[in-house]
file final_24.cif (mmCIF, C-alpha atoms)
data_input
loop_
_atom_site.label_atom_id
_atom_site.label_comp_id
_atom_site.auth_asym_id
_atom_site.auth_seq_id
_atom_site.Cartn_x
_atom_site.Cartn_y
_atom_site.Cartn_z
CA MET A 953 7.56 18.47 5.23
CA ALA A 954 9.13 18.74 1.78
CA SER A 955 7.70 16.64 -1.05
CA LYS A 956 9.71 15.54 -4.08
CA VAL A 957 8.33 17.18 -7.22
CA VAL A 958 6.57 14.68 -9.50
CA SER A 959 4.49 16.20 -12.27
CA ALA A 960 1.13 14.85 -13.40
CA GLU A 961 2.81 13.94 -16.70
CA ASP A 962 5.53 11.97 -14.91
CA MET A 963 2.93 10.13 -12.84
CA GLN A 964 1.19 9.00 -16.04
CA SER A 965 4.15 6.66 -16.65
CA ARG A 966 3.28 4.96 -13.34
CA LEU A 967 -0.41 4.55 -14.18
CA SER A 968 -2.25 1.59 -15.71
CA ARG A 969 -5.84 1.87 -16.93
CA LEU A 970 -7.70 -1.44 -17.09
CA SER A 971 -9.49 -0.22 -20.21
CA GLN A 972 -6.13 0.22 -21.97
CA VAL A 973 -4.07 -2.81 -20.92
CA ASN A 974 -3.06 -5.37 -23.53
CA PHE A 975 -3.58 -9.08 -22.91
CA SER A 976 -1.52 -11.91 -24.43
CA GLU A 977 -3.01 -15.33 -25.17
CA ALA A 978 0.46 -16.86 -25.51
CA ALA A 979 2.35 -15.67 -22.47
CA PHE A 980 3.42 -19.14 -21.28
CA LEU A 981 4.30 -22.52 -22.76
CA ASP A 982 1.29 -24.28 -21.24
CA SER A 983 -1.08 -22.07 -23.22
CA VAL A 984 -0.56 -24.31 -26.28
CA LEU A 985 -2.87 -26.80 -24.51
CA PRO A 986 -6.65 -26.15 -24.51
CA GLU A 987 -7.23 -26.37 -20.76
CA TYR A 988 -4.55 -23.77 -20.07
CA GLN A 989 -5.68 -21.13 -22.53
CA ARG A 990 -5.95 -17.78 -20.79
CA LYS A 991 -5.10 -14.11 -21.24
CA ILE A 992 -2.26 -12.43 -19.35
CA SER A 993 -1.50 -8.75 -18.91
CA ASN A 994 1.65 -7.37 -17.27
CA ILE A 995 0.63 -4.39 -15.13
CA ILE A 996 3.89 -3.74 -13.26
CA GLY A 997 7.01 -5.42 -14.60
CA ALA A 998 7.33 -8.54 -16.74
CA GLY A 999 6.83 -10.95 -13.83
CA VAL A 1000 7.58 -14.52 -14.87
CA THR A 1001 6.01 -14.11 -18.32
CA GLU A 1002 7.64 -16.11 -21.13
CA ASP A 1003 6.59 -13.84 -24.00
CA PRO A 1004 9.27 -11.12 -24.35
CA SER A 1005 7.10 -9.17 -26.78
CA MET A 1006 4.76 -8.29 -23.91
CA ARG A 1007 5.29 -4.82 -22.48
CA PRO A 1008 4.21 -3.96 -18.94
CA ALA A 1009 1.93 -0.98 -18.47
CA ILE A 1010 4.24 0.26 -15.69
CA THR A 1011 7.95 -0.46 -16.12
CA ALA A 1012 9.14 0.78 -12.70
CA VAL A 1013 9.53 -2.38 -10.57
CA GLU A 1014 10.23 -1.74 -6.88
CA GLY A 1015 9.93 -4.95 -4.92
CA PHE A 1016 7.15 -6.79 -6.76
CA ASN A 1017 5.56 -7.48 -10.15
CA ILE A 1018 1.80 -7.43 -10.84
CA GLY A 1019 -0.14 -9.25 -13.55
CA PHE A 1020 -3.81 -9.77 -14.43
CA ILE A 1021 -5.26 -13.09 -15.64
CA GLN A 1022 -8.51 -13.68 -17.54
CA ALA A 1023 -9.87 -17.19 -18.10
CA GLU A 1024 -13.07 -19.03 -18.91
CA LYS A 1025 -14.49 -21.49 -16.39
CA GLY A 1026 -12.28 -24.57 -16.02
CA LYS A 1027 -9.25 -22.95 -17.66
CA GLY A 1028 -6.15 -21.48 -16.06
CA ALA A 1029 -2.50 -22.45 -15.56
CA SER A 1030 -0.73 -25.79 -15.36
CA LEU A 1031 1.21 -26.80 -12.30
CA HIS A 1032 4.42 -24.77 -12.23
CA SER A 1033 6.98 -23.37 -9.84
CA HIS A 1034 9.26 -20.37 -9.53
CA SER A 1035 11.68 -18.98 -7.01
CA THR A 1036 9.58 -16.14 -5.57
CA VAL A 1037 6.41 -15.90 -3.50
CA GLU A 1038 3.19 -15.56 -5.53
CA VAL A 1039 0.03 -13.93 -4.19
CA PHE A 1040 -3.34 -14.45 -5.91
CA MET A 1041 -6.46 -12.31 -5.46
CA PRO A 1042 -9.62 -12.90 -7.53
CA LEU A 1043 -11.00 -9.59 -8.74
CA LYS A 1044 -14.00 -11.07 -10.55
CA GLY A 1045 -15.48 -14.53 -10.13
CA ARG A 1046 -14.27 -17.55 -8.18
CA TRP A 1047 -10.94 -19.29 -8.76
CA GLU A 1048 -9.36 -22.55 -7.61
CA ILE A 1049 -5.71 -22.67 -6.56
CA PHE A 1050 -4.22 -26.17 -6.57
CA TRP A 1051 -0.83 -27.43 -5.47
CA GLY A 1052 1.25 -30.54 -4.80
CA GLU A 1053 3.14 -32.99 -7.01
CA GLU A 1054 -0.06 -33.87 -8.89
CA GLY A 1055 -2.16 -30.86 -7.97
CA GLU A 1056 -3.99 -32.99 -5.43
CA GLU A 1057 -4.69 -30.15 -2.98
CA VAL A 1058 -7.24 -27.48 -3.89
CA VAL A 1059 -8.66 -24.35 -2.26
CA GLU A 1060 -11.37 -22.17 -3.78
CA LEU A 1061 -11.12 -18.40 -3.52
CA ASP A 1062 -14.06 -16.04 -3.82
CA THR A 1063 -13.78 -12.44 -4.99
CA PHE A 1064 -11.19 -10.47 -2.94
CA ASP A 1065 -9.97 -13.53 -1.00
CA VAL A 1066 -6.17 -13.78 -0.96
CA ILE A 1067 -3.64 -16.62 -0.94
CA SER A 1068 0.12 -16.25 -0.58
CA VAL A 1069 1.73 -19.29 -2.21
CA PRO A 1070 5.20 -20.01 -0.78
CA THR A 1071 8.24 -20.88 -2.83
CA GLY A 1072 9.26 -24.43 -3.57
CA ILE A 1073 5.84 -25.89 -4.26
CA MET A 1074 4.11 -26.65 -7.54
CA ARG A 1075 0.97 -24.56 -7.97
CA GLY A 1076 -1.63 -23.89 -10.63
CA PHE A 1077 -4.99 -22.19 -10.91
CA ARG A 1078 -8.25 -22.26 -12.86
CA ALA A 1079 -11.39 -20.17 -13.06
CA ALA A 1080 -14.26 -21.81 -11.17
CA SER A 1081 -17.23 -19.65 -12.19
CA ASP A 1082 -19.10 -18.75 -15.35
CA GLY A 1083 -18.90 -15.29 -16.83
CA ASP A 1084 -16.16 -12.68 -16.55
CA ASN A 1085 -13.27 -14.02 -14.45
CA LEU A 1086 -10.30 -11.82 -13.57
CA MET A 1087 -7.51 -12.51 -11.07
CA MET A 1088 -4.49 -10.51 -9.92
CA ALA A 1089 -1.13 -12.21 -9.35
CA ILE A 1090 1.63 -10.43 -7.42
CA VAL A 1091 5.10 -11.96 -7.72
CA GLY A 1092 7.75 -10.90 -5.23
CA GLY A 1093 11.11 -9.40 -6.13
CA ASN A 1094 12.42 -7.00 -8.75
CA ASP A 1095 13.62 -9.99 -10.78
CA ALA A 1096 10.81 -12.51 -10.44
CA GLY A 1097 12.80 -15.35 -11.98
CA LYS A 1098 11.52 -17.87 -14.49
CA VAL A 1099 8.90 -20.61 -14.51
CA ALA A 1100 9.82 -24.27 -14.08
CA TRP A 1101 7.35 -26.76 -15.60
CA PRO A 1102 6.76 -30.43 -14.80
CA GLN A 1103 8.20 -32.83 -17.35
CA SER A 1104 4.69 -34.03 -18.20
CA LEU A 1105 3.75 -30.53 -19.38
CA LEU A 1106 6.89 -30.26 -21.53
CA ASP A 1107 6.08 -33.65 -23.09
CA ARG A 1108 2.46 -32.69 -23.82
CA ALA A 1109 3.52 -29.43 -25.42
CA ARG A 1110 5.87 -31.35 -27.71
CA ASP A 1111 3.12 -33.83 -28.56
CA ALA A 1112 0.94 -30.86 -29.46
CA GLY A 1113 3.57 -29.76 -31.98
CA TRP A 1114 5.70 -27.29 -30.04
CA THR A 1115 9.30 -27.50 -28.94
CA PHE A 1116 12.25 -25.25 -28.06
CA ASP A 1117 14.82 -24.04 -30.57
CA GLU A 1118 18.49 -23.57 -29.70
CA ASP A 1119 17.80 -20.05 -28.46
CA GLY A 1120 15.08 -21.16 -26.11
CA ASN A 1121 12.21 -19.95 -28.32
CA ILE A 1122 9.09 -22.08 -28.66
CA VAL A 1123 8.77 -23.19 -32.29
CA GLU A 1124 6.27 -25.23 -34.26
CA ILE A 1125 7.79 -28.62 -35.04
CA GLY A 1126 8.46 -29.13 -38.72
CA THR A 1127 8.07 -25.47 -39.70
CA GLY A 1128 10.46 -23.66 -37.42
CA LYS A 1129 7.81 -20.97 -37.07
CA THR A 1130 8.14 -19.06 -33.82
CA THR A 1131 4.89 -17.85 -32.30
CA ARG A 1132 5.81 -17.83 -28.64
CA SER A 1133 9.10 -17.29 -26.88
CA VAL A 1134 10.87 -18.10 -23.64
CA LEU A 1135 14.19 -16.77 -22.46
CA ALA A 1136 17.40 -18.26 -23.79
CA GLY A 1137 19.01 -21.13 -21.89
CA ARG A 1138 15.78 -23.12 -21.71
CA GLU A 1139 16.38 -25.38 -24.75
CA SER A 1140 14.79 -28.42 -23.15
CA GLY A 1141 12.70 -26.54 -20.62
CA GLU A 1142 13.12 -26.50 -16.88
CA THR A 1143 11.40 -29.14 -14.82
CA ALA A 1144 10.09 -28.76 -11.31
CA LYS A 1145 9.00 -30.83 -8.37
CA SER A 1146 7.08 -29.82 -5.27
CA ARG A 1147 8.58 -29.78 -1.78
CA PRO A 1148 6.54 -31.40 1.00
CA ILE A 1149 4.08 -29.01 2.63
CA THR A 1150 0.98 -29.63 4.73
CA ARG A 1151 -2.43 -28.40 3.72
CA GLU A 1152 -2.65 -26.58 7.06
CA GLU A 1153 0.51 -24.61 6.28
CA VAL A 1154 -0.88 -23.44 2.94
CA LEU A 1155 -4.29 -22.60 4.43
CA SER A 1156 -2.56 -20.45 7.08
CA ARG A 1157 -1.61 -18.25 4.13
CA VAL A 1158 -5.24 -17.73 3.01
CA ALA A 1159 -7.21 -14.61 3.95
CA ARG A 1160 -10.98 -14.66 3.48
CA PHE A 1161 -12.37 -11.25 2.58
CA GLY A 1162 -15.48 -11.75 4.71
CA GLU A 1163 -13.43 -12.64 7.80
CA LEU A 1164 -10.94 -9.76 7.84
CA ASN A 1165 -10.55 -7.67 11.00
CA PHE A 1166 -10.33 -3.91 10.74
CA SER A 1167 -9.36 -0.84 12.72
CA GLU A 1168 -11.06 2.54 12.56
CA ALA A 1169 -8.06 4.15 14.29
CA ALA A 1170 -5.20 2.62 12.33
CA PHE A 1171 -3.61 6.01 11.65
CA ILE A 1172 -3.41 9.25 13.58
CA ASP A 1173 -5.24 11.23 10.89
CA ALA A 1174 -8.36 9.07 11.48
CA ALA A 1175 -9.04 11.29 14.51
CA LEU A 1176 -10.21 13.91 11.99
CA PRO A 1177 -13.67 13.53 10.39
CA GLU A 1178 -12.55 13.83 6.76
CA TYR A 1179 -10.04 11.01 7.19
CA GLU A 1180 -12.26 8.43 8.89
CA ARG A 1181 -11.81 5.01 7.30
CA LYS A 1182 -11.41 1.31 8.05
CA ILE A 1183 -8.07 -0.45 7.56
CA PHE A 1184 -7.74 -4.21 7.01
CA ASN A 1185 -4.21 -5.69 7.09
CA ILE A 1186 -4.23 -8.69 4.75
CA ILE A 1187 -0.50 -9.45 4.50
CA GLY A 1188 1.73 -7.87 7.11
CA ALA A 1189 1.18 -4.78 9.22
CA GLY A 1190 2.16 -2.37 6.44
CA VAL A 1191 2.65 1.13 7.83
CA THR A 1192 -0.26 0.84 10.28
CA GLU A 1193 0.01 2.79 13.55
CA ASP A 1194 -2.45 0.60 15.49
CA SER A 1195 -0.33 -2.14 17.07
CA SER A 1196 -3.46 -4.11 18.05
CA LEU A 1197 -4.46 -4.68 14.41
CA LYS A 1198 -3.12 -8.10 13.41
CA PRO A 1199 -2.70 -9.12 9.77
CA ALA A 1200 -4.64 -12.08 8.38
CA ILE A 1201 -1.42 -13.46 6.84
CA THR A 1202 1.71 -12.92 8.91
CA ALA A 1203 4.28 -14.19 6.39
CA VAL A 1204 5.63 -11.05 4.71
CA GLU A 1205 7.83 -11.63 1.65
CA TYR A 1206 8.73 -8.57 -0.41
CA PHE A 1207 5.53 -6.56 0.18
CA ASN A 1208 2.58 -5.83 2.48
CA LEU A 1209 -1.07 -5.89 1.38
CA THR A 1210 -3.66 -3.57 2.98
CA LEU A 1211 -7.34 -2.93 2.25
CA ILE A 1212 -9.05 0.42 2.88
CA LYS A 1213 -12.79 1.08 3.14
CA ALA A 1214 -14.04 4.65 3.21
CA ALA A 1215 -17.31 6.54 2.74
CA GLU A 1216 -17.81 9.15 0.06
CA GLY A 1217 -15.43 12.09 0.41
CA LYS A 1218 -13.24 10.37 3.00
CA GLY A 1219 -9.80 8.81 2.78
CA ALA A 1220 -6.29 9.63 3.98
CA SER A 1221 -4.46 12.87 4.62
CA LEU A 1222 -1.30 13.75 2.76
CA HIS A 1223 1.48 11.57 4.12
CA SER A 1224 4.78 9.98 3.14
CA HIS A 1225 6.79 6.86 3.84
CA SER A 1226 10.02 5.30 2.67
CA THR A 1227 8.61 2.55 0.46
CA VAL A 1228 6.76 2.46 -2.84
CA GLU A 1229 2.95 2.36 -2.53
CA VAL A 1230 0.66 0.95 -5.22
CA PHE A 1231 -3.06 1.76 -5.17
CA MET A 1232 -5.85 -0.11 -6.97
CA PRO A 1233 -9.57 0.52 -6.41
CA LEU A 1234 -11.58 -2.66 -5.90
CA SER A 1235 -14.86 -0.76 -6.03
CA GLY A 1236 -15.98 2.78 -6.68
CA ARG A 1237 -13.94 5.68 -7.96
CA TRP A 1238 -10.99 7.10 -6.01
CA ALA A 1239 -8.79 10.18 -6.28
CA ILE A 1240 -5.06 9.87 -5.58
CA TYR A 1241 -3.51 13.25 -4.88
CA TRP A 1242 0.07 14.32 -4.22
CA GLY A 1243 2.46 17.25 -3.84
CA GLU A 1244 3.30 19.70 -1.11
CA ASP A 1245 -0.32 20.81 -0.87
CA GLY A 1246 -1.98 17.93 -2.71
CA GLU A 1247 -2.12 20.07 -5.84
CA ASN A 1248 -1.89 17.10 -8.26
CA GLU A 1249 -4.65 14.53 -8.65
CA ILE A 1250 -5.50 11.41 -10.69
CA GLU A 1251 -8.85 9.63 -10.60
CA LEU A 1252 -8.95 5.83 -10.69
CA ASP A 1253 -11.72 3.42 -11.65
CA PRO A 1254 -11.88 -0.20 -10.40
CA PHE A 1255 -8.72 -2.17 -11.24
CA ASP A 1256 -6.80 0.85 -12.50
CA VAL A 1257 -3.34 0.84 -10.88
CA ILE A 1258 -0.99 3.64 -9.85
CA SER A 1259 2.48 3.21 -8.38
CA VAL A 1260 3.36 6.14 -6.11
CA PRO A 1261 7.13 6.59 -5.70
CA THR A 1262 8.95 7.29 -2.48
CA GLY A 1263 9.70 10.81 -1.33
CA ILE A 1264 6.39 12.46 -2.20
CA MET A 1265 3.44 13.41 -0.07
CA ARG A 1266 0.35 11.50 -1.17
CA GLY A 1267 -3.23 10.94 -0.03
CA PHE A 1268 -6.46 9.45 -1.33
CA ARG A 1269 -10.23 9.79 -1.02
CA ASN A 1270 -13.35 8.03 -2.19
CA ILE A 1271 -15.11 10.20 -4.80
CA SER A 1272 -18.09 7.92 -5.39
CA GLY A 1273 -21.21 7.19 -3.37
CA GLY A 1274 -21.33 4.79 -0.42
CA GLU A 1275 -18.46 2.91 1.21
CA GLN A 1276 -15.89 1.74 -1.35
CA LEU A 1277 -12.72 -0.38 -1.30
CA LEU A 1278 -9.14 0.55 -2.18
CA LEU A 1279 -6.20 -1.88 -2.17
CA ALA A 1280 -2.72 -0.68 -1.17
CA ILE A 1281 0.43 -2.71 -1.85
CA ILE A 1282 3.42 -1.41 0.09
CA GLY A 1283 6.92 -2.47 -0.82
CA GLY A 1284 9.36 -4.02 1.62
CA GLU A 1285 9.09 -6.58 4.38
CA ASP A 1286 9.51 -3.74 6.90
CA ALA A 1287 7.39 -0.97 5.42
CA GLY A 1288 8.54 1.61 7.94
CA LYS A 1289 6.41 4.35 9.47
CA VAL A 1290 4.31 7.21 8.16
CA GLU A 1291 5.35 10.86 8.18
CA TRP A 1292 2.50 13.36 8.57
CA PRO A 1293 2.31 17.11 8.03
CA ASP A 1294 2.67 19.08 11.25
CA ASP A 1295 -0.86 20.45 11.02
CA VAL A 1296 -2.34 16.93 10.86
CA ILE A 1297 -0.41 15.87 13.97
CA GLU A 1298 -1.50 19.02 15.82
CA ARG A 1299 -5.15 18.62 14.85
CA ALA A 1300 -5.11 14.91 15.81
CA GLU A 1301 -3.61 15.71 19.22
CA ASN A 1302 -6.29 18.31 19.77
CA ALA A 1303 -8.82 15.59 18.92
CA GLY A 1304 -7.27 13.25 21.51
CA LEU A 1305 -4.75 11.07 19.61
CA SER A 1306 -0.97 11.08 19.68
CA ARG A 1307 1.87 8.65 18.86
CA ASP A 1308 4.44 7.06 21.16
CA ALA A 1309 8.17 6.72 20.53
CA GLU A 1310 7.57 3.62 18.38
CA GLY A 1311 5.10 5.45 16.19
CA ASN A 1312 1.99 3.72 17.57
CA ILE A 1313 -1.22 5.58 18.42
CA VAL A 1314 -1.91 6.44 22.05
CA ASN A 1315 -4.31 8.83 23.73
CA ALA A 1316 -2.95 12.36 23.75
CA ALA A 1317 -1.77 13.74 27.06
CA PRO A 1318 -4.33 16.07 28.70
#
call {"tool": "encode", "arguments": {"input": "final_24.cif", "output": "structure tokens"}}
result
Amino acid sequence: MASKVVSAEDMQSRLSRLSQVNFSEAAFLDSVLPEYQRKISNIIGAGVTEDPSMRPAITAVEGFNIGFIQAEKGKGASLHSHSTVEVFMPLKGRWEIFWGEEGEEVVELDTFDVISVPTGIMRGFRAASDGDNLMMAIVGGNDAGKVAWPQSLLDRARDAGWTFDEDGNIVEIGTGKTTRSVLAGRESGETAKSRPITREEVLSRVARFGELNFSEAAFIDAALPEYERKIFNIIGAGVTEDSSLKPAITAVEYFNLTLIKAAEGKGASLHSHSTVEVFMPLSGRWAIYWGEDGENEIELDPFDVISVPTGIMRGFRNISGGEQLLLAIIGGEDAGKVEWPDDVIERAENAGLSRDAEGNIVNAAP
């Protein structure tokens, strides 16, 4: 099948290297208070960040925004709310997510656990372990909206010497000095309250890394030795072709989240689908390749991010020793189905696998 031409140079604009990202210590109003001091980096899009001087590493936003958060133990974000779903995944260390009118409900997440926080509830987070803590936040939508803060936070920020000017910028009281900024139209800040929600409902949107189910035949190319891998559906079914593989979190809002585990030298064949696909290694080193014959390639280290556009053939493989983990974020609530090269389909059928009319894997006819 034909693949849209995207040069290696063009793909660099859709690549974020963890070693090169910039972090802001003043991305949100609450960071004026000691317990909410943290560092924020915009990886894809501006998200809900309140510092317009921050520039995302990847500007192309296609269904979701991604940010990274660093914090010392006990520090994080105040209770807040916004109009889009927010997914958290600790990448290093343990983190606590709390919610409710007073933050009375808490769940602790270990590395690579996931929570999908629904709209309409106040939520916050804090690092719960010593050492190097890093968490990813994915916010749904191209326009992620703006943060709404509780009145108590706005009052404390003012008591600490910060207020809003007439343009909605945060200024130091008495000096007029602007060191942080929020978008215009927020002169007195926006306040938020939490809608009623049961703890059970929130916990149904938690996926524990150690409890995930996987399939070793989630795609037709897995019938071929070089493409053997395990697929874990964390949020939604993604583009999986194994209808028996159920996601850990069924509520799909804006994007699907899938985890891949593969041994050295193994991964996925060239393929295409109709939605954007973002890859981020969680461990090991991975090669992402693309083009009609896979002639282009970029190597990624842990927590590097690449956003692969629609219309191009792409694949991936683990290029480090042992089994390693790769995260895939696929845009859209209905991610569609995969298109494979004809030779992959033919080889898979010869190996005993085919697909039915709905695109799900079945045993090939004798």
call {"tool": "resolve_selection", "arguments": {"input": "final_24.cif", "expression": "the PyMOL selection byres ((chain A and resi 1253-1264) around 8)", "output": "PyMOL selection string"}}
result
chain A and resi 954-958+963+966-970+995+1224-1238+1242-1244+1251-1252+1265-1266
call {"tool": "resolve_selection", "arguments": {"input": "final_24.cif", "expression": "the PyMOL selection byres ((chain A and resi 1150) around 12)", "output": "tab-separated table (two decimals) with C-alpha atoms, in the frame of the given file"}}
result
chain	number	residue	atom	x	y	z
A	1051	TRP	CA	-0.83	-27.43	-5.47
A	1052	GLY	CA	1.25	-30.54	-4.80
A	1056	GLU	CA	-3.99	-32.99	-5.43
A	1057	GLU	CA	-4.69	-30.15	-2.98
A	1070	PRO	CA	5.20	-20.01	-0.78
A	1073	ILE	CA	5.84	-25.89	-4.26
A	1146	SER	CA	7.08	-29.82	-5.27
A	1147	ARG	CA	8.58	-29.78	-1.78
A	1148	PRO	CA	6.54	-31.40	1.00
A	1149	ILE	CA	4.08	-29.01	2.63
A	1151	ARG	CA	-2.43	-28.40	3.72
A	1152	GLU	CA	-2.65	-26.58	7.06
A	1153	GLU	CA	0.51	-24.61	6.28
A	1154	VAL	CA	-0.88	-23.44	2.94
A	1155	LEU	CA	-4.29	-22.60	4.43
A	1156	SER	CA	-2.56	-20.45	7.08
A	1157	ARG	CA	-1.61	-18.25	4.13
call {"tool": "atom_distance", "arguments": {"input": "final_24.cif", "atom1": "atom CA of Ala1080 of chain A", "atom2": "atom CA of Ser983 of chain A"}}
result
17.9 Å
call {"tool": "closest_residue", "arguments": {"input": "final_24.cif", "among": "A:Thr1071, A:Ser993, A:Ser959, A:Ser1081", "to": "Lys1025 of chain A", "atoms": "all atoms listed in the file"}}
result
A:Ser1081
call {"tool": "atom_distance", "arguments": {"input": "final_24.cif", "atom1": "atom CA of Ala998 of chain A", "atom2": "atom CA of Gly1093 of chain A"}}
result
11.3 Å
call {"tool": "atom_distance", "arguments": {"input": "final_24.cif", "atom1": "atom CA of Glu1053 of chain A", "atom2": "atom CA of Phe1077 of chain A"}}
result
14.1 Å
call {"tool": "closest_residue", "arguments": {"input": "final_24.cif", "among": "A:Lys1198, A:Arg990, A:His1223, A:Lys1027", "to": "Asp1245 of chain A", "atoms": "only C-alpha atoms"}}
result
A:His1223
call {"tool": "closest_residue", "arguments": {"input": "final_24.cif", "among": "A:Ala960, A:Val1000, A:Ala978, A:Ile1172", "to": "Asp1294 of chain A", "atoms": "all atoms listed in the file"}}
result
A:Ile1172
call {"tool": "decode", "arguments": {"input": "final_24.cif", "residues": "segment 1004-1040 of chain A", "atoms": "C-alpha atoms", "output": "compact mmCIF listing (two decimals), in the first residue's frame"}}
result
# COMPACT_ATOMS: atom_id res chain seq x y z
CA PRO A 1004 2.24 31.17 27.87
CA SER A 1005 6.03 31.47 27.60
CA MET A 1006 6.29 27.67 27.70
CA ARG A 1007 6.74 26.06 24.30
CA PRO A 1008 5.78 22.43 23.70
CA ALA A 1009 8.40 20.12 22.27
CA ILE A 1010 5.84 18.91 19.70
CA THR A 1011 3.32 21.48 18.47
CA ALA A 1012 1.12 19.14 16.41
CA VAL A 1013 -1.88 18.36 18.65
CA GLU A 1014 -4.21 15.65 17.30
CA GLY A 1015 -6.68 14.63 19.96
CA PHE A 1016 -4.66 14.96 23.16
CA ASN A 1017 -1.95 16.93 24.97
CA ILE A 1018 0.95 15.37 26.92
CA GLY A 1019 2.95 16.87 29.78
CA PHE A 1020 5.63 15.64 32.20
CA ILE A 1021 5.72 16.54 35.92
CA GLN A 1022 8.68 16.38 38.29
CA ALA A 1023 8.24 16.85 42.05
CA GLU A 1024 9.93 16.11 45.34
CA LYS A 1025 8.22 13.85 47.86
CA GLY A 1026 5.10 15.47 49.31
CA LYS A 1027 4.84 18.11 46.59
CA GLY A 1028 2.57 18.24 43.57
CA ALA A 1029 -0.58 20.09 42.47
CA SER A 1030 -3.44 21.65 44.40
CA LEU A 1031 -6.99 20.51 43.90
CA HIS A 1032 -8.17 21.79 40.53
CA SER A 1033 -10.60 20.99 37.74
CA HIS A 1034 -10.85 21.35 33.99
CA SER A 1035 -13.26 20.38 31.27
CA THR A 1036 -11.38 17.43 29.75
CA VAL A 1037 -10.40 13.95 30.91
CA GLU A 1038 -6.94 13.71 32.50
CA VAL A 1039 -4.89 10.51 32.57
CA PHE A 1040 -1.91 10.12 34.93
